[in-house]
file query-v7.pdb (PDB, C-alpha atoms, pLDDT in the B column)
ATOM      1  CA  MET R  19      57.180   7.690  -5.186  1.00 54.00           C
ATOM      2  CA  GLU R  20      53.589   7.454  -6.389  1.00 65.00           C
ATOM      3  CA  HIS R  21      53.059   3.737  -5.726  1.00 76.00           C
ATOM      4  CA  ALA R  22      55.433   3.219  -2.788  1.00 83.00           C
ATOM      5  CA  HIS R  23      52.665   1.859  -0.563  1.00 82.00           C
ATOM      6  CA  SER R  24      51.829  -0.756  -3.206  1.00 86.00           C
ATOM      7  CA  ALA R  25      55.469  -1.845  -3.504  1.00 88.00           C
ATOM      8  CA  ILE R  26      55.718  -2.283   0.271  1.00 87.00           C
ATOM      9  CA  ALA R  27      52.487  -4.292   0.360  1.00 88.00           C
ATOM     10  CA  ILE R  28      53.523  -6.571  -2.491  1.00 88.00           C
ATOM     11  CA  ARG R  29      56.846  -7.229  -0.771  1.00 91.00           C
ATOM     12  CA  GLU R  30      55.018  -8.255   2.434  1.00 89.00           C
ATOM     13  CA  ILE R  31      52.684 -10.541   0.494  1.00 88.00           C
ATOM     14  CA  SER R  32      55.562 -12.028  -1.530  1.00 89.00           C
ATOM     15  CA  GLU R  33      57.502 -12.862   1.625  1.00 89.00           C
ATOM     16  CA  VAL R  34      54.531 -14.850   2.973  1.00 85.00           C
ATOM     17  CA  ILE R  35      54.113 -16.665  -0.340  1.00 84.00           C
ATOM     18  CA  LEU R  36      57.784 -17.596  -0.531  1.00 86.00           C
ATOM     19  CA  LYS R  37      57.671 -19.049   2.988  1.00 87.00           C
ATOM     20  CA  ARG R  38      54.601 -21.135   2.085  1.00 84.00           C
ATOM     21  CA  LYS R  39      55.245 -21.705  -1.622  1.00 79.00           C
ATOM     22  CA  LYS R  40      53.983 -25.304  -1.596  1.00 80.00           C
ATOM     23  CA  SER R  41      50.530 -23.965  -0.676  1.00 78.00           C
ATOM     24  CA  PHE R  42      50.574 -21.487  -3.548  1.00 76.00           C
ATOM     25  CA  LYS R  43      50.923 -23.776  -6.576  1.00 77.00           C
ATOM     26  CA  ASN R  44      48.701 -23.338  -9.625  1.00 80.00           C
ATOM     27  CA  ILE R  45      46.909 -20.248  -8.376  1.00 83.00           C
ATOM     28  CA  CYS R  46      46.587 -16.627  -9.331  1.00 86.00           C
ATOM     29  CA  LEU R  47      46.235 -13.947  -6.669  1.00 89.00           C
ATOM     30  CA  ASN R  48      43.746 -11.106  -6.979  1.00 90.00           C
ATOM     31  CA  ILE R  49      45.202  -8.279  -4.872  1.00 92.00           C
ATOM     32  CA  ASN R  50      43.546  -4.915  -4.163  1.00 90.00           C
ATOM     33  CA  ILE R  51      45.620  -2.355  -2.280  1.00 90.00           C
ATOM     34  CA  SER R  52      44.217   0.543  -0.256  1.00 85.00           C
ATOM     35  CA  VAL R  53      46.270   3.674   0.314  1.00 83.00           C
ATOM     36  CA  ASN R  54      47.426   3.806   3.966  1.00 85.00           C
ATOM     37  CA  TYR R  55      46.279   0.247   4.501  1.00 90.00           C
ATOM     38  CA  LYS R  56      45.648  -1.132   8.002  1.00 93.00           C
ATOM     39  CA  GLY R  57      46.609  -4.717   7.230  1.00 91.00           C
ATOM     40  CA  ILE R  58      46.174  -7.606   4.844  1.00 91.00           C
ATOM     41  CA  LYS R  59      43.175  -9.953   4.715  1.00 92.00           C
ATOM     42  CA  ILE R  60      42.653 -13.119   2.710  1.00 90.00           C
ATOM     43  CA  ILE R  61      39.049 -12.882   1.597  1.00 92.00           C
ATOM     44  CA  PRO R  62      36.644 -14.117  -1.157  1.00 92.00           C
ATOM     45  CA  LEU R  63      35.811 -11.997  -4.205  1.00 89.00           C
ATOM     46  CA  GLY R  64      32.826  -9.719  -4.417  1.00 85.00           C
ATOM     47  CA  SER R  65      31.379  -8.609  -7.744  1.00 81.00           C
ATOM     48  CA  SER R  66      31.077  -5.157  -9.312  1.00 76.00           C
ATOM     49  CA  ASP R  67      29.548  -3.998 -12.565  1.00 77.00           C
ATOM     50  CA  TYR R  68      30.951  -1.129 -14.626  1.00 73.00           C
ATOM     51  CA  ILE R  69      29.791   0.527 -17.809  1.00 82.00           C
ATOM     52  CA  GLY R  70      32.979   1.532 -19.520  1.00 81.00           C
ATOM     53  CA  LYS R  71      36.308  -0.007 -20.272  1.00 82.00           C
ATOM     54  CA  VAL R  72      39.594  -1.201 -18.841  1.00 84.00           C
ATOM     55  CA  GLU R  73      42.441   1.256 -19.340  1.00 86.00           C
ATOM     56  CA  THR R  74      46.082   0.234 -19.471  1.00 90.00           C
ATOM     57  CA  ILE R  75      48.264   2.849 -17.791  1.00 89.00           C
ATOM     58  CA  VAL R  76      52.037   2.912 -18.276  1.00 92.00           C
ATOM     59  CA  ASP R  77      54.179   4.890 -15.833  1.00 88.00           C
ATOM     60  CA  LYS R  78      57.497   6.662 -16.572  1.00 91.00           C
ATOM     61  CA  LYS R  79      59.479   3.487 -15.825  1.00 92.00           C
ATOM     62  CA  GLY R  80      57.462   1.353 -18.223  1.00 92.00           C
ATOM     63  CA  ASN R  81      55.431  -0.423 -15.521  1.00 91.00           C
ATOM     64  CA  PHE R  82      51.827  -1.005 -16.471  1.00 87.00           C
ATOM     65  CA  PHE R  83      48.617  -1.005 -14.449  1.00 87.00           C
ATOM     66  CA  TYR R  84      44.986  -1.677 -15.255  1.00 86.00           C
ATOM     67  CA  LYS R  85      42.255   0.736 -14.274  1.00 81.00           C
ATOM     68  CA  LEU R  86      38.509   0.258 -14.536  1.00 73.00           C
ATOM     69  CA  SER R  87      37.120   3.463 -15.962  1.00 74.00           C
ATOM     70  CA  GLY R  88      33.599   4.464 -16.623  1.00 75.00           C
ATOM     71  CA  LYS R  89      30.562   4.385 -14.424  1.00 74.00           C
ATOM     72  CA  HIS R  90      30.304   2.028 -11.453  1.00 65.00           C
ATOM     73  CA  VAL R  91      26.705   0.797 -11.558  1.00 70.00           C
ATOM     74  CA  SER R  92      26.507  -1.782  -8.791  1.00 68.00           C
ATOM     75  CA  ALA R  93      28.407  -3.933  -6.337  1.00 65.00           C
ATOM     76  CA  TYR R  94      27.394  -7.246  -4.898  1.00 63.00           C
ATOM     77  CA  SER R  95      29.148  -7.196  -1.601  1.00 59.00           C
ATOM     78  CA  ASN R  96      28.864  -8.267   1.956  1.00 71.00           C
ATOM     79  CA  LYS R  97      31.271  -8.052   4.865  1.00 76.00           C
ATOM     80  CA  GLU R  98      33.026 -11.211   3.720  1.00 86.00           C
ATOM     81  CA  THR R  99      34.251  -9.950   0.314  1.00 88.00           C
ATOM     82  CA  ASP R 100      37.181  -8.004  -1.077  1.00 89.00           C
ATOM     83  CA  ILE R 101      34.996  -5.004  -1.937  1.00 85.00           C
ATOM     84  CA  HIS R 102      33.990  -4.408   1.669  1.00 86.00           C
ATOM     85  CA  THR R 103      37.476  -5.189   2.991  1.00 90.00           C
ATOM     86  CA  VAL R 104      39.181  -2.652   0.705  1.00 89.00           C
ATOM     87  CA  SER R 105      36.540  -0.008   1.482  1.00 87.00           C
ATOM     88  CA  ARG R 106      37.497  -0.412   5.154  1.00 91.00           C
ATOM     89  CA  GLY R 107      41.180   0.305   4.409  1.00 93.00           C
ATOM     90  CA  TYR R 108      42.653  -3.185   4.144  1.00 93.00           C
ATOM     91  CA  ILE R 109      44.476  -4.983   1.374  1.00 93.00           C
ATOM     92  CA  SER R 110      42.450  -7.886   0.037  1.00 93.00           C
ATOM     93  CA  VAL R 111      44.134 -11.030  -1.253  1.00 93.00           C
ATOM     94  CA  THR R 112      41.983 -13.637  -2.986  1.00 92.00           C
ATOM     95  CA  PRO R 113      43.554 -16.877  -4.223  1.00 90.00           C
ATOM     96  CA  LEU R 114      41.949 -17.870  -7.539  1.00 90.00           C
ATOM     97  CA  GLN R 115      41.980 -21.203  -9.298  1.00 84.00           C
ATOM     98  CA  ILE R 116      43.567 -21.036 -12.716  1.00 79.00           C
ATOM     99  CA  ASN R 117      41.184 -23.420 -14.485  1.00 80.00           C
ATOM    100  CA  GLN R 118      37.766 -21.766 -14.490  1.00 77.00           C
ATOM    101  CA  THR R 119      36.270 -23.978 -17.196  1.00 85.00           C
ATOM    102  CA  ASP R 120      32.525 -24.544 -16.802  1.00 85.00           C
ATOM    103  CA  TYR R 121      32.419 -28.277 -17.563  1.00 88.00           C
ATOM    104  CA  LYS R 122      28.656 -28.523 -16.931  1.00 88.00           C
ATOM    105  CA  LEU R 123      27.955 -25.930 -19.615  1.00 88.00           C
ATOM    106  CA  MET R 124      30.282 -27.691 -22.056  1.00 89.00           C
ATOM    107  CA  LYS R 125      28.212 -30.900 -21.742  1.00 89.00           C
ATOM    108  CA  LYS R 126      24.966 -29.123 -22.771  1.00 81.00           C
TER     109      LYS R 126
END
call {"tool": "encode", "arguments": {"input": "query-v7.pdb", "output": "structure tokens"}}
result
Amino acid sequence: MEHAHSAIAIREISEVILKRKKSFKNICLNINISVNYKGIKIIPLGSSDYIGKVETIVDKKGNFFYKLSGKHVSAYSNKETDIHTVSRGYISVTPLQINQTDYKLMKK
């Protein structure tokens, strides 16, 4: 199975969330999964720039995935971000707030 490692990882993460579901209200999780991962870390986001597009990939079962394609031009990372964590072979999990409205900008 091509994505078996991802399915196992998502099951592990889901089990933790279900045990602590009161802590996980009104959030979205950004999850990046390494092949042959060493563990799971909850970590802040880094930032990467790409010249290209986002591709939607559909597998034989109808499941869809998103892939950044094109040229990776830069990454703003340090040891405390998801980019560095995934490059070291870990799964990164970043809880994100759903409302990302920039209220200061709206007042200008």
call {"tool": "resolve_selection", "arguments": {"input": "query-v7.pdb", "expression": "the PyMOL selection byres ((chain R and resi 63-73) around 9)", "output": "list in words"}}
result
Asn48, Ile61, Pro62, Thr74, Ile75, Phe83, Tyr84, Lys85, Leu86, Ser87, Gly88, Lys89, His90, Val91, Ser92, Ala93, Tyr94, Ser95, Asn96, Glu98, Thr99, Asp100, Ile101, His102, Ser110, Val111 and Thr112 of chain R
call {"tool": "residues_around", "arguments": {"input": "query-v7.pdb", "residues": "range 33-43 of chain R", "least_positions_apart": "4", "cutoff": "9 Å", "atoms": "all atoms listed in the file", "output": "count of residues only"}}
result
3
call {"tool": "atom_distance", "arguments": {"input": "query-v7.pdb", "atom1": "CA of Ser105 in chain R", "atom2": "CA of Ala22 in chain R"}}
result
19.6 Å
call {"tool": "closest_residue", "arguments": {"input": "query-v7.pdb", "among": "R:Asp120, R:His21, R:Leu114, R:Ile31", "to": "Lys79 in chain R", "atoms": "all atoms listed in the file"}}
result
R:His21
call {"tool": "atom_distance", "arguments": {"input": "query-v7.pdb", "atom1": "CA of Cys46 in chain R", "atom2": "CA of Lys59 in chain R"}}
result
15.9 Å
call {"tool": "axis_aligned_box", "arguments": {"input": "query-v7.pdb", "around": "range 58-70 of chain R", "padding_each_side": "8 Å", "output": "JSON"}}
result
{"center_x": 37.9, "center_y": -6.3, "center_z": -7.3, "size_x": 32.6, "size_y": 31.6, "size_z": 40.4}
